[in-house]
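J.: Structure in structure tokens, see below.
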Amino acid sequence: MLIAGPTAPAQAVTYGTPTIALSASYLSGAVGATGDPVVNVTVGQSGADASALTVSASASSKASVAGTGDVTVTGAGAVRQLAVTARGRGYTNLTVKVAGLGGKSATKTLYYAASAAVQNPADARYLTGSADASAAVDVGGGYAVVADDESNVLRLYDRSRSGAPVKTWDFSSQLGVSKEVDIEGATRIGNTVYWTGSLGNNKDGEYKAPRNTVFTTTVSGSGPGTQLAYGRSYKKLRDDLVAWDQAGGNKYGFAAGTADGEAPKQIDGFNVEGLEFAPGSTTTAYLGFRAPLAPAVPGGKALLVPVTNFDQVLASGAKAVFGAGVELDLGGLAVRDIRKNAAGQYLILAGSWAADDNSDPYALYQWDGVAGHAPVKRADLPTTDPGGWEAIVEVPDLTAAGARVQLVTDSGSADLYGDGTEAKDQTHPEWKKARAAWFTLNP
């Protein structure tokens, strides 16, 4: 008969200290927002299955902005998703904790900032990483490339979601500049995207050469797979415009508007903010002016100037050739963006020429692109705080009932979080953001 020996005592499991890492230490949201960004929380513990660990969060400072009950953690395993529902505007710190086995735990601090509620929050998305959005181009698959007028970085965003860019490109070295081009307008023909600087002085009335830049990028792929490659640039378009206007008797005052000491955003200033090709053309492009109005006194009409060889200006550095200025009645407003669709239907985003214009009206006008034909208002836009409406992403079929268009704000000078700090001066990129919003056009 076999006699069993003594059973060895069970080995005690030794658990290590849990580990916790956040995909971002700073997070921004908005009161009433839909689909705010989330943070990935990666956890682990030696000797334990990650699925056995518990992740929670609690308010460690201002619960009126977001409290313990406003934090949701979902998922299982090593990576969890943490979302915050903003309760009020401002800043708060959240303590994120992983409770492991053996009574051990670890924490990280998540720094959170919430902006105020906006009109129709379900139609709003927040593009983080930059507050100074200034131009946007659809690249298919629900994605858009968005420019910034305070840097030369182009950012690829998912148009349907709030959050950080998927990809970024900075072509400063290829452009030969160290300061911002002040990108304000863009349009796409085929796989070529044309970008223009404001061409004007800076806000202090000083000439800055990089702003006198137009350039191209080439698009390959679409959606999240979009790639941009630098093309060519031209740095004399402002000079060409001034010479053309002088030859025509200074009708639009371009020489005076670009003189030393002249700020660009005044009724008789000089500031380009729109770029789009003329109907049926891949050679003639309209430059849309925020200032001057044309003529400034009397009339107050918005101004477009056709560049009839715009393709060759970029392709070979040819001196720009211009057609007659196009003057449009936009109810005393100026061009902040202009965009057309494949059917040749144009939308003009109209706003004030003024520098501090958040309280001024904005509107969308439909136009057929033909000089002498009047634009028709399709929507009044809400005055925005934060920011001013700055870019049209793409133009829908304007004959369709319930047509909707997505616009983007420049929120750089906005006090997003109620502490007097302008958005562009926020230290952390995650707290810088522009707003994209959908609007339904009136019949």
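By order in the structure tokens, chains are A, B, ...; within a chain, residues start at 1; ligands start at 1, following the order shown.
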Would you mind listing what lies within 7 Å of Glu273 (chain A) as a PDB file with C-alpha atoms, in the first residue's frame, with only C-alpha atoms counted and same-chain residues fewer than 2 positions away left out?
T.:
```pdb
ATOM      1  CA  GLU A 184      -5.999  82.345 -43.254  1.00  0.00           C
ATOM      2  CA  GLY A 185      -7.417  80.693 -46.370  1.00  0.00           C
ATOM      3  CA  SER A 198      -3.096  86.986 -44.528  1.00  0.00           C
ATOM      4  CA  ASN A 271      -6.100  91.401 -44.691  1.00  0.00           C
ATOM      5  CA  GLY A 288     -11.425  87.156 -50.216  1.00  0.00           C
ATOM      6  CA  PHE A 289     -10.652  90.201 -48.090  1.00  0.00           C
ATOM      7  CA  ARG A 290     -11.544  90.741 -44.455  1.00  0.00           C
ATOM      8  CA  VAL A 335     -15.255  87.767 -46.173  1.00  0.00           C
ATOM      9  CA  ARG A 336     -13.997  85.441 -43.462  1.00  0.00           C
ATOM     10  CA  ASP A 337     -13.995  82.371 -45.706  1.00  0.00           C
TER      11      ASP A 337
END
```
J.: Within 12 Å of Ala131 (chain A), counting only C-alpha atoms, which residues qualify if same-chain residues fewer than 2 places away don't, as an mmCIF file with N, CA, C and O atoms, in the first residue's frame?
T.:
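out-v7.cif was written with the following content:
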```cif
data_model
loop_
_atom_site.group_PDB
_atom_site.id
_atom_site.type_symbol
_atom_site.label_atom_id
_atom_site.label_comp_id
_atom_site.auth_asym_id
_atom_site.auth_seq_id
_atom_site.Cartn_x
_atom_site.Cartn_y
_atom_site.Cartn_z
ATOM 1 N N TYR A 126 -14.872 69.682 -30.330
ATOM 2 C CA TYR A 126 -13.754 70.522 -29.922
ATOM 3 C C TYR A 126 -12.449 69.917 -30.431
ATOM 4 O O TYR A 126 -12.123 68.771 -30.132
ATOM 5 N N LEU A 127 -11.720 70.714 -31.209
ATOM 6 C CA LEU A 127 -10.475 70.286 -31.822
ATOM 7 C C LEU A 127 -9.341 70.782 -30.939
ATOM 8 O O LEU A 127 -9.053 71.981 -30.897
ATOM 9 N N THR A 128 -8.709 69.881 -30.194
ATOM 10 C CA THR A 128 -7.710 70.287 -29.218
ATOM 11 C C THR A 128 -6.307 70.299 -29.827
ATOM 12 O O THR A 128 -6.065 69.760 -30.891
ATOM 13 N N GLY A 129 -5.403 70.953 -29.092
ATOM 14 C CA GLY A 129 -4.026 71.075 -29.559
ATOM 15 C C GLY A 129 -3.706 72.438 -30.097
ATOM 16 O O GLY A 129 -2.541 72.832 -30.190
ATOM 17 N N ALA A 133 -7.630 78.069 -34.936
ATOM 18 C CA ALA A 133 -8.002 77.514 -36.235
ATOM 19 C C ALA A 133 -8.349 78.646 -37.195
ATOM 20 O O ALA A 133 -9.031 79.606 -36.826
ATOM 21 N N SER A 134 -7.889 78.540 -38.441
ATOM 22 C CA SER A 134 -8.060 79.660 -39.366
ATOM 23 C C SER A 134 -8.498 79.235 -40.764
ATOM 24 O O SER A 134 -8.982 80.063 -41.531
ATOM 25 N N VAL A 146 -6.764 71.145 -40.705
ATOM 26 C CA VAL A 146 -7.078 72.463 -40.168
ATOM 27 C C VAL A 146 -5.775 73.225 -39.935
ATOM 28 O O VAL A 146 -4.822 72.696 -39.352
ATOM 29 N N ALA A 147 -5.754 74.490 -40.405
ATOM 30 C CA ALA A 147 -4.589 75.353 -40.237
ATOM 31 C C ALA A 147 -4.752 76.228 -39.008
ATOM 32 O O ALA A 147 -5.841 76.386 -38.458
ATOM 33 N N ASP A 148 -3.643 76.831 -38.599
ATOM 34 C CA ASP A 148 -3.554 77.659 -37.399
ATOM 35 C C ASP A 148 -2.862 78.956 -37.805
ATOM 36 O O ASP A 148 -1.801 78.922 -38.430
ATOM 37 N N ASP A 149 -3.454 80.114 -37.430
ATOM 38 C CA ASP A 149 -2.825 81.371 -37.839
ATOM 39 C C ASP A 149 -1.734 81.843 -36.882
ATOM 40 O O ASP A 149 -1.141 82.905 -37.081
ATOM 41 N N GLU A 150 -1.456 81.070 -35.829
ATOM 42 C CA GLU A 150 -0.386 81.426 -34.898
ATOM 43 C C GLU A 150 0.837 80.522 -35.059
ATOM 44 O O GLU A 150 1.829 80.686 -34.352
ATOM 45 N N SER A 151 0.754 79.547 -35.952
ATOM 46 C CA SER A 151 1.888 78.676 -36.231
ATOM 47 C C SER A 151 1.739 78.189 -37.668
ATOM 48 O O SER A 151 0.770 78.511 -38.343
ATOM 49 N N ARG A 155 -3.000 70.357 -39.031
ATOM 50 C CA ARG A 155 -3.438 69.259 -38.167
ATOM 51 C C ARG A 155 -4.588 68.494 -38.810
ATOM 52 O O ARG A 155 -5.518 69.105 -39.330
ATOM 53 N N ALA A 164 -7.690 65.360 -29.894
ATOM 54 C CA ALA A 164 -6.412 65.799 -30.441
ATOM 55 C C ALA A 164 -6.288 65.422 -31.916
ATOM 56 O O ALA A 164 -6.989 64.537 -32.407
ATOM 57 N N PRO A 386 -16.809 80.880 -26.895
ATOM 58 C CA PRO A 386 -15.525 81.399 -27.304
ATOM 59 C C PRO A 386 -15.316 81.496 -28.813
ATOM 60 O O PRO A 386 -15.772 80.647 -29.562
ATOM 61 N N GLY A 387 -14.631 82.555 -29.213
ATOM 62 C CA GLY A 387 -14.092 82.645 -30.556
ATOM 63 C C GLY A 387 -15.022 83.209 -31.603
ATOM 64 O O GLY A 387 -16.184 83.508 -31.351
ATOM 65 N N GLY A 388 -14.489 83.368 -32.807
ATOM 66 C CA GLY A 388 -15.245 83.861 -33.948
ATOM 67 C C GLY A 388 -15.239 82.835 -35.062
ATOM 68 O O GLY A 388 -14.269 82.089 -35.237
ATOM 69 N N GLU A 390 -14.626 81.147 -38.403
ATOM 70 C CA GLU A 390 -13.445 81.437 -39.207
ATOM 71 C C GLU A 390 -13.304 80.575 -40.460
ATOM 72 O O GLU A 390 -12.678 81.003 -41.423
ATOM 73 N N VAL A 408 -15.730 76.177 -38.284
ATOM 74 C CA VAL A 408 -14.744 76.093 -37.209
ATOM 75 C C VAL A 408 -14.429 77.496 -36.718
ATOM 76 O O VAL A 408 -14.356 78.446 -37.502
ATOM 77 N N THR A 409 -14.236 77.630 -35.402
ATOM 78 C CA THR A 409 -13.910 78.921 -34.820
ATOM 79 C C THR A 409 -12.405 79.097 -34.643
ATOM 80 O O THR A 409 -11.660 78.136 -34.482
ATOM 81 N N ASP A 410 -11.996 80.360 -34.656
ATOM 82 C CA ASP A 410 -10.707 80.776 -34.103
ATOM 83 C C ASP A 410 -11.004 81.239 -32.686
ATOM 84 O O ASP A 410 -11.633 82.279 -32.474
ATOM 85 N N SER A 411 -10.573 80.467 -31.708
ATOM 86 C CA SER A 411 -10.857 80.770 -30.301
ATOM 87 C C SER A 411 -9.619 81.257 -29.555
ATOM 88 O O SER A 411 -9.585 81.257 -28.324
ATOM 89 N N GLY A 412 -8.597 81.676 -30.293
ATOM 90 C CA GLY A 412 -7.323 82.015 -29.675
ATOM 91 C C GLY A 412 -7.395 83.090 -28.619
ATOM 92 O O GLY A 412 -6.685 83.031 -27.608
ATOM 93 N N SER A 413 -8.242 84.092 -28.818
ATOM 94 C CA SER A 413 -8.317 85.198 -27.856
ATOM 95 C C SER A 413 -9.423 84.995 -26.830
ATOM 96 O O SER A 413 -9.669 85.878 -26.004
ATOM 97 N N ALA A 414 -10.090 83.857 -26.856
ATOM 98 C CA ALA A 414 -11.211 83.606 -25.946
ATOM 99 C C ALA A 414 -10.715 83.175 -24.567
ATOM 100 O O ALA A 414 -9.719 82.462 -24.436
ATOM 101 N N ASP A 415 -11.437 83.596 -23.551
ATOM 102 C CA ASP A 415 -11.205 83.149 -22.183
ATOM 103 C C ASP A 415 -12.055 81.899 -21.968
ATOM 104 O O ASP A 415 -13.199 81.969 -21.541
ATOM 105 N N LEU A 416 -11.494 80.755 -22.282
ATOM 106 C CA LEU A 416 -12.277 79.524 -22.276
ATOM 107 C C LEU A 416 -12.720 79.103 -20.883
ATOM 108 O O LEU A 416 -13.833 78.611 -20.702
ATOM 109 N N GLU A 422 -6.147 83.872 -22.185
ATOM 110 C CA GLU A 422 -6.564 83.597 -23.555
ATOM 111 C C GLU A 422 -6.195 82.160 -23.924
ATOM 112 O O GLU A 422 -5.165 81.633 -23.490
ATOM 113 N N ALA A 423 -7.043 81.563 -24.754
ATOM 114 C CA ALA A 423 -6.854 80.147 -25.100
ATOM 115 C C ALA A 423 -5.482 79.889 -25.710
ATOM 116 O O ALA A 423 -4.842 78.867 -25.430
ATOM 117 N N LYS A 424 -5.009 80.800 -26.551
ATOM 118 C CA LYS A 424 -3.719 80.577 -27.207
ATOM 119 C C LYS A 424 -2.551 80.642 -26.223
ATOM 120 O O LYS A 424 -1.449 80.175 -26.536
ATOM 121 N N ASP A 425 -2.805 81.212 -25.021
ATOM 122 C CA ASP A 425 -1.747 81.323 -24.024
ATOM 123 C C ASP A 425 -1.786 80.199 -22.988
ATOM 124 O O ASP A 425 -0.986 80.192 -22.047
ATOM 125 N N GLN A 426 -2.709 79.257 -23.149
ATOM 126 C CA GLN A 426 -2.731 78.110 -22.250
ATOM 127 C C GLN A 426 -1.410 77.333 -22.369
ATOM 128 O O GLN A 426 -0.900 77.129 -23.460
ATOM 129 N N THR A 427 -0.891 76.895 -21.245
ATOM 130 C CA THR A 427 0.409 76.210 -21.236
ATOM 131 C C THR A 427 0.338 74.828 -21.865
ATOM 132 O O THR A 427 1.290 74.378 -22.519
ATOM 133 N N HIS A 428 -0.797 74.166 -21.700
ATOM 134 C CA HIS A 428 -0.904 72.766 -22.108
ATOM 135 C C HIS A 428 -1.728 72.640 -23.389
ATOM 136 O O HIS A 428 -2.846 73.171 -23.465
ATOM 137 N N PRO A 429 -1.198 71.949 -24.404
ATOM 138 C CA PRO A 429 -1.909 71.827 -25.679
ATOM 139 C C PRO A 429 -3.317 71.256 -25.537
ATOM 140 O O PRO A 429 -4.216 71.632 -26.286
ATOM 141 N N GLU A 430 -3.508 70.339 -24.577
ATOM 142 C CA GLU A 430 -4.828 69.719 -24.410
ATOM 143 C C GLU A 430 -5.880 70.736 -23.985
ATOM 144 O O GLU A 430 -7.077 70.497 -24.148
ATOM 145 N N TRP A 431 -5.454 71.874 -23.409
ATOM 146 C CA TRP A 431 -6.385 72.902 -22.963
ATOM 147 C C TRP A 431 -6.611 73.977 -24.021
ATOM 148 O O TRP A 431 -7.434 74.865 -23.836
ATOM 149 N N LYS A 432 -5.858 73.906 -25.110
ATOM 150 C CA LYS A 432 -6.110 74.781 -26.260
ATOM 151 C C LYS A 432 -7.108 74.083 -27.169
ATOM 152 O O LYS A 432 -6.946 72.898 -27.472
ATOM 153 N N LYS A 433 -8.138 74.799 -27.626
ATOM 154 C CA LYS A 433 -9.093 74.127 -28.506
ATOM 155 C C LYS A 433 -9.880 75.139 -29.323
ATOM 156 O O LYS A 433 -10.112 76.273 -28.906
ATOM 157 N N ALA A 434 -10.267 74.697 -30.512
ATOM 158 C CA ALA A 434 -11.201 75.426 -31.361
ATOM 159 C C ALA A 434 -12.495 74.621 -31.405
ATOM 160 O O ALA A 434 -12.500 73.420 -31.136
ATOM 161 N N ARG A 435 -13.576 75.296 -31.734
ATOM 162 C CA ARG A 435 -14.874 74.605 -31.786
ATOM 163 C C ARG A 435 -15.308 74.409 -33.237
ATOM 164 O O ARG A 435 -15.268 75.339 -34.044
ATOM 165 N N ALA A 436 -15.714 73.201 -33.572
ATOM 166 C CA ALA A 436 -16.353 72.908 -34.852
ATOM 167 C C ALA A 436 -17.834 72.675 -34.577
ATOM 168 O O ALA A 436 -18.189 71.993 -33.619
#
```
J.: Can you measure CA of Arg378 (chain A) to CA of Pro295 (chain A) for me? One decimal in Å is fine.
T.: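 Separating CA of Arg378 (chain A) from CA of Pro295 (chain A) is a distance of 24.4 Å.
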J.: Once you count only C-alpha atoms, what closest atom pair and distance in Å to one decimal does each residue of region 264-355 of chain A within 7 Å of region 228-234 of chain A have, with rows by chain and rising residue number, as JSON lines?
T.:
```
{"residue": "A:Val313", "atom": "CA", "partner": "A:Tyr234", "partner_atom": "CA", "distance": 6.9}
{"residue": "A:Leu314", "atom": "CA", "partner": "A:Ser233", "partner_atom": "CA", "distance": 5.9}
{"residue": "A:Ala315", "atom": "CA", "partner": "A:Arg232", "partner_atom": "CA", "distance": 6.8}
{"residue": "A:Gly317", "atom": "CA", "partner": "A:Tyr234", "partner_atom": "CA", "distance": 6.1}
```
J.: Restricting the output to N, CA and C atoms, write the selected residues as a PDB file, in the first residue's frame.
T.:
```pdb
ATOM      1  N   VAL A 313       1.242  81.054 -60.716  1.00  0.00           N
ATOM      2  CA  VAL A 313       1.930  81.758 -59.629  1.00  0.00           C
ATOM      3  C   VAL A 313       2.611  80.747 -58.715  1.00  0.00           C
ATOM      4  N   LEU A 314       1.900  79.670 -58.402  1.00  0.00           N
ATOM      5  CA  LEU A 314       2.469  78.652 -57.515  1.00  0.00           C
ATOM      6  C   LEU A 314       3.337  77.655 -58.258  1.00  0.00           C
ATOM      7  N   ALA A 315       2.970  77.335 -59.481  1.00  0.00           N
ATOM      8  CA  ALA A 315       3.714  76.300 -60.207  1.00  0.00           C
ATOM      9  C   ALA A 315       5.079  76.780 -60.672  1.00  0.00           C
ATOM     10  N   GLY A 317       6.183  80.439 -60.155  1.00  0.00           N
ATOM     11  CA  GLY A 317       6.594  81.739 -59.614  1.00  0.00           C
ATOM     12  C   GLY A 317       6.262  82.900 -60.517  1.00  0.00           C
TER      13      GLY A 317
END
```
J.: As an exercise, work out the distance from CA of Ala350 (chain A) to CA of Ile183 (chain A) in Å and give it to one decimal place.
T.: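 For CA of Ala350 (chain A) relative to CA of Ile183 (chain A), the distance reads 17.8 Å.
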J.: Please return, as a PyMOL selection string, all residues of region 103-275 of chain A that DSSP assigns to alpha helix (DSSP H) on the basis of the backbone.
T.: chain A and resi 172-175+237-247+254-257
J.: What would the file look like if the residues just selected were written as a PDB file, in the first residue's frame with N, CA, C and O atoms?
T.:
```
ATOM      1  N   SER A 172       7.509  74.691 -41.966  1.00  0.00           N
ATOM      2  CA  SER A 172       8.274  75.932 -41.801  1.00  0.00           C
ATOM      3  C   SER A 172       9.636  75.857 -42.474  1.00  0.00           C
ATOM      4  O   SER A 172      10.066  76.811 -43.144  1.00  0.00           O
ATOM      5  N   SER A 173      10.326  74.740 -42.308  1.00  0.00           N
ATOM      6  CA  SER A 173      11.669  74.636 -42.886  1.00  0.00           C
ATOM      7  C   SER A 173      11.616  74.662 -44.402  1.00  0.00           C
ATOM      8  O   SER A 173      12.433  75.313 -45.059  1.00  0.00           O
ATOM      9  N   GLN A 174      10.627  73.968 -44.990  1.00  0.00           N
ATOM     10  CA  GLN A 174      10.496  73.989 -46.445  1.00  0.00           C
ATOM     11  C   GLN A 174      10.108  75.374 -46.946  1.00  0.00           C
ATOM     12  O   GLN A 174      10.506  75.785 -48.036  1.00  0.00           O
ATOM     13  N   LEU A 175       9.328  76.101 -46.149  1.00  0.00           N
ATOM     14  CA  LEU A 175       8.924  77.454 -46.517  1.00  0.00           C
ATOM     15  C   LEU A 175      10.032  78.464 -46.279  1.00  0.00           C
ATOM     16  O   LEU A 175       9.954  79.600 -46.760  1.00  0.00           O
ATOM     17  N   LEU A 237       2.919  87.978 -53.441  1.00  0.00           N
ATOM     18  CA  LEU A 237       1.542  88.254 -53.843  1.00  0.00           C
ATOM     19  C   LEU A 237       1.050  89.582 -53.287  1.00  0.00           C
ATOM     20  O   LEU A 237       0.335  90.332 -53.973  1.00  0.00           O
ATOM     21  N   ARG A 238       1.417  89.922 -52.075  1.00  0.00           N
ATOM     22  CA  ARG A 238       1.046  91.223 -51.526  1.00  0.00           C
ATOM     23  C   ARG A 238       1.609  92.347 -52.383  1.00  0.00           C
ATOM     24  O   ARG A 238       0.893  93.308 -52.694  1.00  0.00           O
ATOM     25  N   ASP A 239       2.881  92.236 -52.769  1.00  0.00           N
ATOM     26  CA  ASP A 239       3.503  93.265 -53.600  1.00  0.00           C
ATOM     27  C   ASP A 239       2.773  93.398 -54.931  1.00  0.00           C
ATOM     28  O   ASP A 239       2.544  94.516 -55.428  1.00  0.00           O
ATOM     29  N   ASP A 240       2.405  92.262 -55.518  1.00  0.00           N
ATOM     30  CA  ASP A 240       1.684  92.289 -56.798  1.00  0.00           C
ATOM     31  C   ASP A 240       0.326  92.980 -56.643  1.00  0.00           C
ATOM     32  O   ASP A 240      -0.103  93.744 -57.514  1.00  0.00           O
ATOM     33  N   LEU A 241      -0.368  92.702 -55.537  1.00  0.00           N
ATOM     34  CA  LEU A 241      -1.675  93.316 -55.307  1.00  0.00           C
ATOM     35  C   LEU A 241      -1.563  94.824 -55.148  1.00  0.00           C
ATOM     36  O   LEU A 241      -2.368  95.590 -55.709  1.00  0.00           O
ATOM     37  N   VAL A 242      -0.582  95.275 -54.392  1.00  0.00           N
ATOM     38  CA  VAL A 242      -0.401  96.716 -54.190  1.00  0.00           C
ATOM     39  C   VAL A 242      -0.092  97.399 -55.517  1.00  0.00           C
ATOM     40  O   VAL A 242      -0.668  98.450 -55.842  1.00  0.00           O
ATOM     41  N   ALA A 243       0.809  96.805 -56.304  1.00  0.00           N
ATOM     42  CA  ALA A 243       1.160  97.405 -57.598  1.00  0.00           C
ATOM     43  C   ALA A 243      -0.049  97.454 -58.525  1.00  0.00           C
ATOM     44  O   ALA A 243      -0.271  98.446 -59.234  1.00  0.00           O
ATOM     45  N   TRP A 244      -0.850  96.399 -58.543  1.00  0.00           N
ATOM     46  CA  TRP A 244      -2.064  96.361 -59.378  1.00  0.00           C
ATOM     47  C   TRP A 244      -3.048  97.453 -58.974  1.00  0.00           C
ATOM     48  O   TRP A 244      -3.610  98.151 -59.815  1.00  0.00           O
ATOM     49  N   ASP A 245      -3.265  97.617 -57.669  1.00  0.00           N
ATOM     50  CA  ASP A 245      -4.212  98.637 -57.205  1.00  0.00           C
ATOM     51  C   ASP A 245      -3.692 100.036 -57.490  1.00  0.00           C
ATOM     52  O   ASP A 245      -4.468 100.930 -57.873  1.00  0.00           O
ATOM     53  N   GLN A 246      -2.409 100.244 -57.329  1.00  0.00           N
ATOM     54  CA  GLN A 246      -1.844 101.557 -57.649  1.00  0.00           C
ATOM     55  C   GLN A 246      -2.010 101.875 -59.126  1.00  0.00           C
ATOM     56  O   GLN A 246      -2.346 103.015 -59.494  1.00  0.00           O
ATOM     57  N   ALA A 247      -1.804 100.864 -59.985  1.00  0.00           N
ATOM     58  CA  ALA A 247      -1.970 101.089 -61.425  1.00  0.00           C
ATOM     59  C   ALA A 247      -3.412 101.415 -61.778  1.00  0.00           C
ATOM     60  O   ALA A 247      -3.668 102.064 -62.803  1.00  0.00           O
ATOM     61  N   PHE A 254      -4.841  99.719 -51.258  1.00  0.00           N
ATOM     62  CA  PHE A 254      -3.938  98.674 -50.785  1.00  0.00           C
ATOM     63  C   PHE A 254      -2.605  99.244 -50.301  1.00  0.00           C
ATOM     64  O   PHE A 254      -2.042  98.753 -49.316  1.00  0.00           O
ATOM     65  N   ALA A 255      -2.077 100.249 -50.978  1.00  0.00           N
ATOM     66  CA  ALA A 255      -0.798 100.828 -50.554  1.00  0.00           C
ATOM     67  C   ALA A 255      -0.931 101.457 -49.179  1.00  0.00           C
ATOM     68  O   ALA A 255      -0.066 101.269 -48.304  1.00  0.00           O
ATOM     69  N   ALA A 256      -2.011 102.177 -48.958  1.00  0.00           N
ATOM     70  CA  ALA A 256      -2.225 102.797 -47.650  1.00  0.00           C
ATOM     71  C   ALA A 256      -2.472 101.737 -46.581  1.00  0.00           C
ATOM     72  O   ALA A 256      -1.993 101.844 -45.443  1.00  0.00           O
ATOM     73  N   GLY A 257      -3.210 100.682 -46.928  1.00  0.00           N
ATOM     74  CA  GLY A 257      -3.535  99.646 -45.965  1.00  0.00           C
ATOM     75  C   GLY A 257      -2.351  98.814 -45.536  1.00  0.00           C
ATOM     76  O   GLY A 257      -2.378  98.204 -44.455  1.00  0.00           O
TER      77      GLY A 257
END
```
J.: Looking at A:Leu349, A:Ala66, A:Ala278, A:Val326, which one is nearest to Asn309 (chain A), with distances taken over only C-alpha atoms?
T.: A:Ala278
J.: Quick one: pull the distance between CA of Ala186 (chain A) and CA of Pro210 (chain A), Å, one decimal.
T.: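 One can read the CA of Ala186 (chain A) to CA of Pro210 (chain A) distance as 16.4 Å.
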J.: With distances taken over only C-alpha atoms, which residue among A:Lys203, A:Lys319, A:Arg159, A:Lys62 lies nearest Gly223 (chain A)?
T.: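 Among the listed residues, A:Arg159 lies closest to Gly223 (chain A).
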